[in-house]
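Let me begin by presenting the structure, written as structure tokens, before commenting on it.
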Amino acid sequence: VQLQASGGGLVQAGGSLKLSCAASGRSFSVYAWGWFRQTPGKERDFVAAISWSGDNTYYGDSVKGRFTISRDNAKNTMYLQMNILNPEDTAVYYCAAKTSVGALGGWLRYSVSYDWWGQGTLVTVSS
């Protein structure tokens, strides 16, 4: 499975960006999707996750109410709409897909729950 993240860029504080993550490859089923972010010298932090059905979504405390995760199963694509961005949101954003069974729910907040990772897309928020 290959994941291709896109949509990063430079935006002013208060602005918006929408990230996309497209999955491709041989036959697979994505049980859940996730977004994480990382800044230099720090661990990869959980941002958001969504179940295959879309019925369950999870957000990190710092982005709750500002970011919205969604997915289009027909396109094997996931999205992250980011609003009211602030400089603390500056990071490389990584998308992830879980194709193995089990460890859903709250486990989706942990990077070890995912099987595949995209290459990352840089988001820079200027003050």
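Chain lettering (A, B, ...) mirrors the order of the structure tokens, residue numbering begins at 1 for each chain separately, and ligand numbering begins at 1 in order of display.
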Item to check | Neighbour list for segment 13-29 of chain A as a ChimeraX atom specification, cut-off 8 Å, only C-alpha atoms, skip fewer than 3 positions in-chain | outcome: /A:1-9,75-87,95,99,118,125-127
Keeping N, CA, C and O atoms, export the residues of the selection given above as a short mmCIF file (atom, residue, chain, number, x, y, z; two decimals), in the first residue's frame.
data_model
loop_
_atom_site.label_atom_id
_atom_site.label_comp_id
_atom_site.auth_asym_id
_atom_site.auth_seq_id
_atom_site.Cartn_x
_atom_site.Cartn_y
_atom_site.Cartn_z
N VAL A 1 0.84 -1.18 0.00
CA VAL A 1 0.00 0.00 0.00
C VAL A 1 0.89 1.24 0.00
O VAL A 1 1.83 1.34 0.80
N GLN A 2 0.58 2.17 -0.86
CA GLN A 2 1.30 3.44 -0.89
C GLN A 2 0.34 4.56 -0.52
O GLN A 2 -0.80 4.59 -0.97
N LEU A 3 0.82 5.45 0.34
CA LEU A 3 0.03 6.61 0.74
C LEU A 3 0.72 7.87 0.24
O LEU A 3 1.92 8.05 0.44
N GLN A 4 -0.04 8.73 -0.39
CA GLN A 4 0.48 9.97 -0.94
C GLN A 4 -0.24 11.13 -0.29
O GLN A 4 -1.42 11.35 -0.54
N ALA A 5 0.49 11.87 0.54
CA ALA A 5 -0.09 13.04 1.20
C ALA A 5 0.18 14.28 0.38
O ALA A 5 1.25 14.41 -0.23
N SER A 6 -0.76 15.20 0.39
CA SER A 6 -0.60 16.45 -0.36
C SER A 6 -1.43 17.54 0.30
O SER A 6 -2.26 17.26 1.18
N GLY A 7 -1.19 18.78 -0.14
CA GLY A 7 -1.99 19.89 0.34
C GLY A 7 -1.29 20.82 1.32
O GLY A 7 -1.84 21.84 1.71
N GLY A 8 -0.09 20.46 1.74
CA GLY A 8 0.64 21.32 2.66
C GLY A 8 1.09 22.60 1.98
O GLY A 8 1.02 22.73 0.76
N GLY A 9 1.54 23.55 2.79
CA GLY A 9 2.00 24.80 2.24
C GLY A 9 2.16 25.84 3.32
O GLY A 9 2.15 25.53 4.51
N LYS A 75 -12.80 6.59 -3.25
CA LYS A 75 -11.55 7.11 -3.80
C LYS A 75 -10.34 6.67 -3.00
O LYS A 75 -9.22 7.06 -3.32
N ASN A 76 -10.56 5.91 -1.94
CA ASN A 76 -9.46 5.52 -1.05
C ASN A 76 -8.65 6.74 -0.62
O ASN A 76 -7.41 6.74 -0.65
N THR A 77 -9.35 7.78 -0.23
CA THR A 77 -8.72 9.04 0.11
C THR A 77 -9.26 9.57 1.42
O THR A 77 -10.45 9.43 1.72
N MET A 78 -8.36 10.16 2.17
CA MET A 78 -8.71 10.77 3.44
C MET A 78 -8.35 12.25 3.37
O MET A 78 -7.43 12.64 2.64
N TYR A 79 -9.05 13.06 4.17
CA TYR A 79 -8.82 14.50 4.15
C TYR A 79 -8.68 15.04 5.57
O TYR A 79 -9.20 14.46 6.52
N LEU A 80 -8.01 16.15 5.68
CA LEU A 80 -7.94 16.87 6.95
C LEU A 80 -8.15 18.35 6.65
O LEU A 80 -7.26 19.00 6.08
N GLN A 81 -9.31 18.85 7.01
CA GLN A 81 -9.60 20.27 6.86
C GLN A 81 -9.10 20.98 8.12
O GLN A 81 -9.55 20.66 9.22
N MET A 82 -8.20 21.91 7.93
CA MET A 82 -7.59 22.61 9.06
C MET A 82 -7.99 24.08 9.00
O MET A 82 -7.66 24.77 8.03
N ASN A 83 -8.68 24.51 10.02
CA ASN A 83 -9.14 25.90 10.10
C ASN A 83 -8.51 26.59 11.30
O ASN A 83 -8.02 25.94 12.23
N ILE A 84 -8.57 27.89 11.27
CA ILE A 84 -8.04 28.73 12.36
C ILE A 84 -6.64 28.27 12.73
O ILE A 84 -6.31 28.00 13.89
N LEU A 85 -5.80 28.16 11.75
CA LEU A 85 -4.44 27.68 11.99
C LEU A 85 -3.63 28.70 12.78
O LEU A 85 -3.82 29.91 12.64
N ASN A 86 -2.74 28.21 13.59
CA ASN A 86 -1.83 29.07 14.35
C ASN A 86 -0.41 28.54 14.20
O ASN A 86 -0.21 27.40 13.75
N PRO A 87 0.58 29.36 14.53
CA PRO A 87 1.98 28.94 14.32
C PRO A 87 2.33 27.62 14.99
O PRO A 87 3.22 26.90 14.51
N CYS A 95 0.15 11.09 7.03
CA CYS A 95 -1.07 10.31 7.04
C CYS A 95 -0.71 8.84 7.23
O CYS A 95 0.40 8.40 6.90
N THR A 99 -4.57 -1.28 8.02
CA THR A 99 -5.15 -2.34 7.20
C THR A 99 -5.22 -3.67 7.95
O THR A 99 -5.72 -4.66 7.42
N GLY A 118 2.38 7.70 4.92
CA GLY A 118 2.74 8.54 3.79
C GLY A 118 4.06 9.23 4.04
O GLY A 118 4.65 9.12 5.12
N VAL A 125 2.74 27.73 9.28
CA VAL A 125 1.80 28.80 9.60
C VAL A 125 2.59 30.00 10.10
O VAL A 125 3.29 29.90 11.11
N SER A 126 2.48 31.09 9.41
CA SER A 126 3.22 32.30 9.78
C SER A 126 2.36 33.18 10.68
O SER A 126 1.14 33.24 10.54
N SER A 127 3.03 33.87 11.58
CA SER A 127 2.29 34.73 12.53
C SER A 127 2.07 36.13 11.97
O SER A 127 2.62 36.50 10.95
#
Next on the checklist: When you look at Ser53 of chain A with a cut-off of 10 Å (counting only C-alpha atoms), what residues show up, excluding the ones that are within fewer than 6 positions of it in the same chain? I need them as a count of residues only.
Outcome noted: 5
Item to check | segment 55-64 of chain A surroundings by only C-alpha atoms, 8 Å radius, close-in-sequence under 2 positions cut, as a ChimeraX atom specification | outcome: /A:46-53,66-67,69,105-106,108-109
Just N, CA, C and O atoms for this one: save the residues we selected as a PDB file, in the first residue's frame.
ATOM      1  N   PHE A  46      -0.307  12.694  17.698  1.00  0.00           N
ATOM      2  CA  PHE A  46      -1.593  12.367  17.115  1.00  0.00           C
ATOM      3  C   PHE A  46      -2.379  13.644  16.807  1.00  0.00           C
ATOM      4  O   PHE A  46      -2.441  14.560  17.628  1.00  0.00           O
ATOM      5  N   VAL A  47      -3.001  13.669  15.630  1.00  0.00           N
ATOM      6  CA  VAL A  47      -3.830  14.804  15.240  1.00  0.00           C
ATOM      7  C   VAL A  47      -5.291  14.391  15.143  1.00  0.00           C
ATOM      8  O   VAL A  47      -6.162  14.985  15.781  1.00  0.00           O
ATOM      9  N   ALA A  48      -5.566  13.378  14.336  1.00  0.00           N
ATOM     10  CA  ALA A  48      -6.952  12.965  14.135  1.00  0.00           C
ATOM     11  C   ALA A  48      -6.989  11.565  13.545  1.00  0.00           C
ATOM     12  O   ALA A  48      -6.013  11.109  12.937  1.00  0.00           O
ATOM     13  N   ALA A  49      -8.122  10.891  13.728  1.00  0.00           N
ATOM     14  CA  ALA A  49      -8.316   9.569  13.145  1.00  0.00           C
ATOM     15  C   ALA A  49      -9.785   9.371  12.813  1.00  0.00           C
ATOM     16  O   ALA A  49     -10.659  10.024  13.397  1.00  0.00           O
ATOM     17  N   ILE A  50     -10.030   8.477  11.870  1.00  0.00           N
ATOM     18  CA  ILE A  50     -11.404   8.199  11.459  1.00  0.00           C
ATOM     19  C   ILE A  50     -11.527   6.726  11.109  1.00  0.00           C
ATOM     20  O   ILE A  50     -10.622   6.132  10.521  1.00  0.00           O
ATOM     21  N   SER A  51     -12.650   6.144  11.486  1.00  0.00           N
ATOM     22  CA  SER A  51     -12.899   4.751  11.149  1.00  0.00           C
ATOM     23  C   SER A  51     -13.303   4.635   9.683  1.00  0.00           C
ATOM     24  O   SER A  51     -13.651   5.631   9.039  1.00  0.00           O
ATOM     25  N   TRP A  52     -13.280   3.392   9.179  1.00  0.00           N
ATOM     26  CA  TRP A  52     -13.635   3.179   7.772  1.00  0.00           C
ATOM     27  C   TRP A  52     -15.041   3.693   7.482  1.00  0.00           C
ATOM     28  O   TRP A  52     -15.300   4.298   6.463  1.00  0.00           O
ATOM     29  N   SER A  53     -15.950   3.459   8.398  1.00  0.00           N
ATOM     30  CA  SER A  53     -17.337   3.863   8.178  1.00  0.00           C
ATOM     31  C   SER A  53     -17.525   5.365   8.282  1.00  0.00           C
ATOM     32  O   SER A  53     -18.512   5.913   7.795  1.00  0.00           O
ATOM     33  N   ARG A  66     -11.166  22.743  15.540  1.00  0.00           N
ATOM     34  CA  ARG A  66     -10.564  23.494  14.435  1.00  0.00           C
ATOM     35  C   ARG A  66     -10.319  22.610  13.211  1.00  0.00           C
ATOM     36  O   ARG A  66     -10.392  23.084  12.076  1.00  0.00           O
ATOM     37  N   PHE A  67      -9.994  21.354  13.435  1.00  0.00           N
ATOM     38  CA  PHE A  67      -9.689  20.423  12.349  1.00  0.00           C
ATOM     39  C   PHE A  67     -10.837  19.436  12.190  1.00  0.00           C
ATOM     40  O   PHE A  67     -11.493  19.061  13.153  1.00  0.00           O
ATOM     41  N   ILE A  69     -11.601  15.708  10.158  1.00  0.00           N
ATOM     42  CA  ILE A  69     -11.120  14.594   9.342  1.00  0.00           C
ATOM     43  C   ILE A  69     -12.297  13.967   8.615  1.00  0.00           C
ATOM     44  O   ILE A  69     -13.406  13.876   9.161  1.00  0.00           O
ATOM     45  N   GLY A 105     -10.727   2.123  17.906  1.00  0.00           N
ATOM     46  CA  GLY A 105     -11.138   2.964  19.015  1.00  0.00           C
ATOM     47  C   GLY A 105     -10.004   3.851  19.481  1.00  0.00           C
ATOM     48  O   GLY A 105      -9.285   4.455  18.682  1.00  0.00           O
ATOM     49  N   GLY A 106      -9.823   3.908  20.748  1.00  0.00           N
ATOM     50  CA  GLY A 106      -8.797   4.756  21.338  1.00  0.00           C
ATOM     51  C   GLY A 106      -7.387   4.410  20.908  1.00  0.00           C
ATOM     52  O   GLY A 106      -6.484   5.256  20.975  1.00  0.00           O
ATOM     53  N   LEU A 108      -6.354   4.158  18.070  1.00  0.00           N
ATOM     54  CA  LEU A 108      -6.023   4.915  16.867  1.00  0.00           C
ATOM     55  C   LEU A 108      -5.244   6.187  17.176  1.00  0.00           C
ATOM     56  O   LEU A 108      -4.739   6.834  16.273  1.00  0.00           O
ATOM     57  N   ARG A 109      -5.144   6.551  18.438  1.00  0.00           N
ATOM     58  CA  ARG A 109      -4.328   7.704  18.828  1.00  0.00           C
ATOM     59  C   ARG A 109      -2.836   7.386  18.846  1.00  0.00           C
ATOM     60  O   ARG A 109      -2.009   8.284  19.016  1.00  0.00           O
TER      61      ARG A 109
END
Item to check | Residues flagged strand (DSSP E) by DSSP in chain A, as a PyMOL selection string | outcome: chain A and resi 2-6+9-12+17-24+32-38+45-51+57-59+67-72+77-82+91-98+116-117+121-126
